[in-house]
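As provided, target_11.pdb (PDB, C-alpha atoms, pLDDT in the B column) reads as follows.
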```
MODEL        1
ATOM      1  CA  MET A   1     -16.834 133.280  17.816  1.00 43.00           C
ATOM      2  CA  ASP A   2     -16.942 136.053  20.395  1.00 50.00           C
ATOM      3  CA  ASN A   3     -20.516 137.120  19.741  1.00 81.00           C
ATOM      4  CA  SER A   4     -22.611 138.620  22.493  1.00 89.00           C
ATOM      5  CA  LYS A   5     -24.903 135.581  22.759  1.00 92.00           C
ATOM      6  CA  THR A   6     -21.969 133.248  23.387  1.00 93.00           C
ATOM      7  CA  ARG A   7     -20.296 135.751  25.722  1.00 94.00           C
ATOM      8  CA  THR A   8     -23.474 136.125  27.778  1.00 95.00           C
ATOM      9  CA  THR A   9     -23.802 132.349  28.006  1.00 95.00           C
ATOM     10  CA  ALA A  10     -20.206 132.017  29.183  1.00 96.00           C
ATOM     11  CA  LEU A  11     -20.813 134.634  31.873  1.00 96.00           C
ATOM     12  CA  ILE A  12     -24.087 133.129  33.165  1.00 96.00           C
ATOM     13  CA  THR A  13     -23.116 129.454  33.302  1.00 96.00           C
ATOM     14  CA  PRO A  14     -21.940 128.475  36.784  1.00 97.00           C
ATOM     15  CA  VAL A  15     -18.574 126.732  37.026  1.00 97.00           C
ATOM     16  CA  GLU A  16     -17.238 125.483  40.344  1.00 96.00           C
ATOM     17  CA  GLN A  17     -14.413 127.610  41.736  1.00 96.00           C
ATOM     18  CA  GLU A  18     -12.023 124.668  41.884  1.00 96.00           C
ATOM     19  CA  ASP A  19     -12.612 123.990  38.186  1.00 96.00           C
ATOM     20  CA  GLN A  20     -12.046 127.671  37.369  1.00 96.00           C
ATOM     21  CA  ASP A  21      -8.778 127.700  39.332  1.00 96.00           C
ATOM     22  CA  GLN A  22      -7.542 124.510  37.705  1.00 96.00           C
ATOM     23  CA  ALA A  23      -8.503 125.735  34.226  1.00 96.00           C
ATOM     24  CA  LYS A  24      -6.605 128.996  34.768  1.00 96.00           C
ATOM     25  CA  ALA A  25      -3.537 127.065  35.924  1.00 96.00           C
ATOM     26  CA  LEU A  26      -3.726 124.715  32.937  1.00 97.00           C
ATOM     27  CA  ALA A  27      -4.136 127.625  30.536  1.00 96.00           C
ATOM     28  CA  GLY A  28      -1.121 129.297  32.146  1.00 95.00           C
ATOM     29  CA  GLU A  29       0.886 126.167  31.337  1.00 96.00           C
ATOM     30  CA  GLY A  30      -0.290 126.325  27.729  1.00 96.00           C
ATOM     31  CA  ARG A  31      -2.591 123.309  28.143  1.00 97.00           C
ATOM     32  CA  THR A  32      -5.635 125.008  26.637  1.00 97.00           C
ATOM     33  CA  ALA A  33      -7.512 121.895  25.517  1.00 96.00           C
ATOM     34  CA  LYS A  34      -7.238 120.347  28.974  1.00 97.00           C
ATOM     35  CA  ALA A  35      -8.306 123.669  30.543  1.00 97.00           C
ATOM     36  CA  ILE A  36     -11.415 123.724  28.352  1.00 97.00           C
ATOM     37  CA  ARG A  37     -12.228 120.134  29.282  1.00 96.00           C
ATOM     38  CA  ARG A  38     -11.859 121.069  32.965  1.00 96.00           C
ATOM     39  CA  LEU A  39     -14.320 123.950  32.590  1.00 96.00           C
ATOM     40  CA  ARG A  40     -16.837 121.730  30.810  1.00 95.00           C
ATOM     41  CA  LYS A  41     -16.508 118.740  33.169  1.00 91.00           C
ATOM     42  CA  ASN A  42     -19.024 119.745  35.843  1.00 86.00           C
ATOM     43  CA  SER A  43     -20.755 122.651  34.144  1.00 90.00           C
ATOM     44  CA  GLY A  44     -23.221 123.153  31.342  1.00 87.00           C
ATOM     45  CA  LEU A  45     -20.709 124.938  29.135  1.00 94.00           C
ATOM     46  CA  ALA A  46     -21.048 123.827  25.526  1.00 92.00           C
ATOM     47  CA  LEU A  47     -18.048 122.991  23.375  1.00 92.00           C
ATOM     48  CA  HIS A  48     -18.323 126.281  21.477  1.00 91.00           C
ATOM     49  CA  THR A  49     -18.841 128.351  24.662  1.00 95.00           C
ATOM     50  CA  ALA A  50     -16.079 126.910  26.840  1.00 95.00           C
ATOM     51  CA  PRO A  51     -13.137 128.440  24.907  1.00 96.00           C
ATOM     52  CA  LEU A  52     -14.647 131.903  25.297  1.00 96.00           C
ATOM     53  CA  ALA A  53     -15.305 131.217  28.987  1.00 96.00           C
ATOM     54  CA  LEU A  54     -11.633 130.282  29.353  1.00 97.00           C
ATOM     55  CA  ASP A  55     -10.558 133.465  27.557  1.00 96.00           C
ATOM     56  CA  LEU A  56     -12.765 135.554  29.847  1.00 96.00           C
ATOM     57  CA  LEU A  57     -11.476 133.744  32.914  1.00 95.00           C
ATOM     58  CA  THR A  58      -7.818 134.226  31.985  1.00 95.00           C
ATOM     59  CA  GLN A  59      -8.516 137.916  31.297  1.00 95.00           C
ATOM     60  CA  GLY A  60      -9.740 138.332  34.863  1.00 94.00           C
ATOM     61  CA  HIS A  61     -13.504 138.020  34.374  1.00 92.00           C
ATOM     62  CA  PRO A  62     -14.744 135.682  37.101  1.00 91.00           C
ATOM     63  CA  LEU A  63     -17.357 133.130  36.129  1.00 96.00           C
ATOM     64  CA  PRO A  64     -20.308 132.510  38.435  1.00 97.00           C
ATOM     65  CA  THR A  65     -20.132 129.566  40.785  1.00 97.00           C
ATOM     66  CA  THR A  66     -23.842 129.535  41.683  1.00 96.00           C
ATOM     67  CA  TYR A  67     -27.103 130.240  39.898  1.00 96.00           C
ATOM     68  CA  ARG A  68     -27.615 133.207  42.219  1.00 97.00           C
ATOM     69  CA  GLN A  69     -24.388 134.718  40.904  1.00 97.00           C
ATOM     70  CA  ALA A  70     -25.371 133.759  37.359  1.00 97.00           C
ATOM     71  CA  LEU A  71     -28.664 135.601  37.768  1.00 97.00           C
ATOM     72  CA  GLU A  72     -26.810 138.699  38.978  1.00 97.00           C
ATOM     73  CA  ALA A  73     -24.540 138.480  35.952  1.00 96.00           C
ATOM     74  CA  LEU A  74     -27.569 138.227  33.668  1.00 97.00           C
ATOM     75  CA  ARG A  75     -29.082 141.263  35.406  1.00 95.00           C
ATOM     76  CA  GLN A  76     -25.943 143.235  34.496  1.00 95.00           C
ATOM     77  CA  LEU A  77     -25.613 141.849  30.977  1.00 94.00           C
ATOM     78  CA  ASP A  78     -29.216 141.851  29.750  1.00 95.00           C
ATOM     79  CA  ALA A  79     -31.707 143.541  32.072  1.00 96.00           C
ATOM     80  CA  PRO A  80     -34.462 143.611  29.386  1.00 97.00           C
ATOM     81  CA  LEU A  81     -34.275 139.818  29.061  1.00 97.00           C
ATOM     82  CA  LEU A  82     -34.571 139.471  32.821  1.00 96.00           C
ATOM     83  CA  THR A  83     -37.601 141.767  32.798  1.00 97.00           C
ATOM     84  CA  GLU A  84     -39.287 139.658  30.119  1.00 98.00           C
ATOM     85  CA  MET A  85     -38.547 136.474  32.071  1.00 98.00           C
ATOM     86  CA  THR A  86     -39.930 138.074  35.242  1.00 97.00           C
ATOM     87  CA  ASP A  87     -43.148 139.021  33.440  1.00 97.00           C
ATOM     88  CA  LEU A  88     -43.540 135.451  32.187  1.00 97.00           C
ATOM     89  CA  LEU A  89     -42.993 134.047  35.671  1.00 97.00           C
ATOM     90  CA  HIS A  90     -45.535 136.466  37.153  1.00 96.00           C
ATOM     91  CA  SER A  91     -48.043 135.189  34.602  1.00 96.00           C
ATOM     92  CA  GLY A  92     -47.247 131.609  35.649  1.00 95.00           C
ATOM     93  CA  ASP A  93     -45.451 130.632  32.445  1.00 96.00           C
ATOM     94  CA  ARG A  94     -42.169 129.125  33.644  1.00 96.00           C
ATOM     95  CA  ASP A  95     -41.690 127.081  30.471  1.00 97.00           C
ATOM     96  CA  SER A  96     -41.849 130.183  28.276  1.00 97.00           C
ATOM     97  CA  ALA A  97     -39.332 131.921  30.539  1.00 98.00           C
ATOM     98  CA  ILE A  98     -36.918 129.016  30.072  1.00 98.00           C
ATOM     99  CA  LYS A  99     -37.544 128.976  26.331  1.00 97.00           C
ATOM    100  CA  LEU A 100     -36.943 132.724  26.063  1.00 98.00           C
ATOM    101  CA  LEU A 101     -33.675 132.455  28.004  1.00 97.00           C
ATOM    102  CA  ARG A 102     -32.501 129.618  25.774  1.00 96.00           C
ATOM    103  CA  GLU A 103     -33.414 131.522  22.606  1.00 95.00           C
ATOM    104  CA  ARG A 104     -31.480 134.617  23.679  1.00 95.00           C
ATOM    105  CA  THR A 105     -28.465 132.725  24.997  1.00 94.00           C
ATOM    106  CA  ASP A 106     -26.818 129.393  24.272  1.00 90.00           C
ATOM    107  CA  ILE A 107     -27.463 128.064  27.776  1.00 95.00           C
ATOM    108  CA  ASP A 108     -28.340 124.382  27.941  1.00 93.00           C
ATOM    109  CA  LEU A 109     -31.757 123.143  29.066  1.00 95.00           C
ATOM    110  CA  ALA A 110     -30.656 122.218  32.588  1.00 95.00           C
ATOM    111  CA  GLY A 111     -28.890 125.537  33.062  1.00 95.00           C
ATOM    112  CA  GLY A 112     -31.919 127.427  31.778  1.00 96.00           C
ATOM    113  CA  TYR A 113     -34.182 125.521  34.139  1.00 97.00           C
ATOM    114  CA  HIS A 114     -31.965 126.200  37.155  1.00 97.00           C
ATOM    115  CA  LEU A 115     -31.524 129.878  36.320  1.00 97.00           C
ATOM    116  CA  VAL A 116     -35.264 130.393  35.905  1.00 98.00           C
ATOM    117  CA  THR A 117     -35.879 128.460  39.128  1.00 97.00           C
ATOM    118  CA  GLU A 118     -33.473 130.806  40.945  1.00 97.00           C
ATOM    119  CA  LEU A 119     -35.290 133.823  39.505  1.00 97.00           C
ATOM    120  CA  SER A 120     -38.633 132.338  40.494  1.00 96.00           C
ATOM    121  CA  THR A 121     -37.367 131.741  44.034  1.00 95.00           C
ATOM    122  CA  GLN A 122     -36.141 135.317  44.319  1.00 94.00           C
ATOM    123  CA  LEU A 123     -39.483 136.601  43.034  1.00 94.00           C
ATOM    124  CA  GLY A 124     -41.469 134.319  45.317  1.00 91.00           C
ATOM    125  CA  THR A 125     -43.457 132.895  42.406  1.00 84.00           C
ATOM    126  CA  PRO A 126     -44.493 129.243  42.315  1.00 75.00           C
TER     127      PRO A 126
ENDMDL
END
```

Take the structure I supplied and represent it as structure tokens, if you would.
Amino acid sequence: MDNSKTRTTALITPVEQEDQDQAKALAGEGRTAKAIRRLRKNSGLALHTAPLALDLLTQGHPLPTTYRQALEALRQLDAPLLTEMTDLLHSGDRDSAIKLLRERTDIDLAGGYHLVTELSTQLGTP
């Protein structure tokens, strides 16, 4: 299930550094299920996204630890989506920006809200 939507979601969902480190160690011991649970514990990673996030992590792709980093990752992965979200925020339509993000990725509602809030903060929009 390594489609681009799931991959983007895995790369824009913040996971605490300690959880990333522990998941990598568990995966190195062959304890994949426990590593996936560790990644999901304090993050918004869905059950179908977490295994890909673990694969990316063990291949040397760092996951974001903050929504600021997640926004930078999104900027690199899908600049057109970010442009559309920016346009919606400039027009005062935060809800549509969240909806658009969630339609184009598998990010959960809370993650979408926080990512759009970070973008809004950076743009200086209310």

Excluding same-chain residues fewer than 5 positions from A:Glu118, what lies within 9 Å of it counting all atoms listed in the file, as a PDB file with C-alpha atoms, in the frame of the given file?
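Heads up, here's the output in result_26.pdb:
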```
ATOM      1  CA  TYR A  67     -27.103 130.240  39.898  1.00 96.00           C
ATOM      2  CA  ARG A  68     -27.615 133.207  42.219  1.00 97.00           C
ATOM      3  CA  LEU A  71     -28.664 135.601  37.768  1.00 97.00           C
ATOM      4  CA  TYR A 113     -34.182 125.521  34.139  1.00 97.00           C
ATOM      5  CA  LEU A 123     -39.483 136.601  43.034  1.00 94.00           C
TER       6      LEU A 123
END
```

Quiz prompt | Reference answer for the PyMOL selection byres ((chain A and resi 7-13) around 6), as a PyMOL selection string | solution = chain A and resi 4-6+14+49+53+63+70+105-107

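In this structure, atom CA of A:Val15 sits 12.8 Å away from atom CA of A:Leu56.
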
Quiz item: Near A:Ser96, counting only C-alpha atoms, which residues have an atom at most 12 Å away, once you skip same-chain residues fewer than 3 positions from it, shown as JSON, numbers by chain?
Solution: {"A": [84, 85, 86, 87, 88, 89, 90, 91, 92, 93, 99, 100, 101, 102, 103, 112, 113, 116]}

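Here atom CA of A:His114 stands at a distance of 27.4 Å from atom CA of A:Ala33.
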
Self-check item: Point-to-point distance in Å for atom CA of A:Gly44 and atom CA of A:Asp95
Solution: 18.9 Å

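Minimum distance to A:Asp55 across A:Gln76, A:Lys24, A:Asn42, A:Arg37 (counting all atoms listed in the file) occurs at A:Lys24.
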
What does the PyMOL selection byres ((chain A and resi 41) around 12) select in this file, as an mmCIF file with C-alpha atoms, keeping the file's coordinate frame?
```
data_model
loop_
_atom_site.group_PDB
_atom_site.id
_atom_site.type_symbol
_atom_site.label_atom_id
_atom_site.label_comp_id
_atom_site.auth_asym_id
_atom_site.auth_seq_id
_atom_site.Cartn_x
_atom_site.Cartn_y
_atom_site.Cartn_z
ATOM 1 C CA PRO A 14 -21.940 128.475 36.784
ATOM 2 C CA VAL A 15 -18.574 126.732 37.026
ATOM 3 C CA GLU A 16 -17.238 125.483 40.344
ATOM 4 C CA GLU A 18 -12.023 124.668 41.884
ATOM 5 C CA ASP A 19 -12.612 123.990 38.186
ATOM 6 C CA GLN A 20 -12.046 127.671 37.369
ATOM 7 C CA GLN A 22 -7.542 124.510 37.705
ATOM 8 C CA ALA A 23 -8.503 125.735 34.226
ATOM 9 C CA LYS A 34 -7.238 120.347 28.974
ATOM 10 C CA ALA A 35 -8.306 123.669 30.543
ATOM 11 C CA ILE A 36 -11.415 123.724 28.352
ATOM 12 C CA ARG A 37 -12.228 120.134 29.282
ATOM 13 C CA ARG A 38 -11.859 121.069 32.965
ATOM 14 C CA LEU A 39 -14.320 123.950 32.590
ATOM 15 C CA ARG A 40 -16.837 121.730 30.810
ATOM 16 C CA ASN A 42 -19.024 119.745 35.843
ATOM 17 C CA SER A 43 -20.755 122.651 34.144
ATOM 18 C CA GLY A 44 -23.221 123.153 31.342
ATOM 19 C CA LEU A 45 -20.709 124.938 29.135
ATOM 20 C CA ALA A 46 -21.048 123.827 25.526
ATOM 21 C CA LEU A 47 -18.048 122.991 23.375
ATOM 22 C CA ALA A 50 -16.079 126.910 26.840
#
```

Listed atoms of stretch 85-102 of chain A boxed along x, y and z, 3 Å each side, centre and edge lengths in Å, one decimal, as lines of an AutoDock Vina configuration file:
```
center_x = -40.3
center_y = 133.1
center_z = 31.5
size_x = 21.5
size_y = 17.9
size_z = 17.4
```
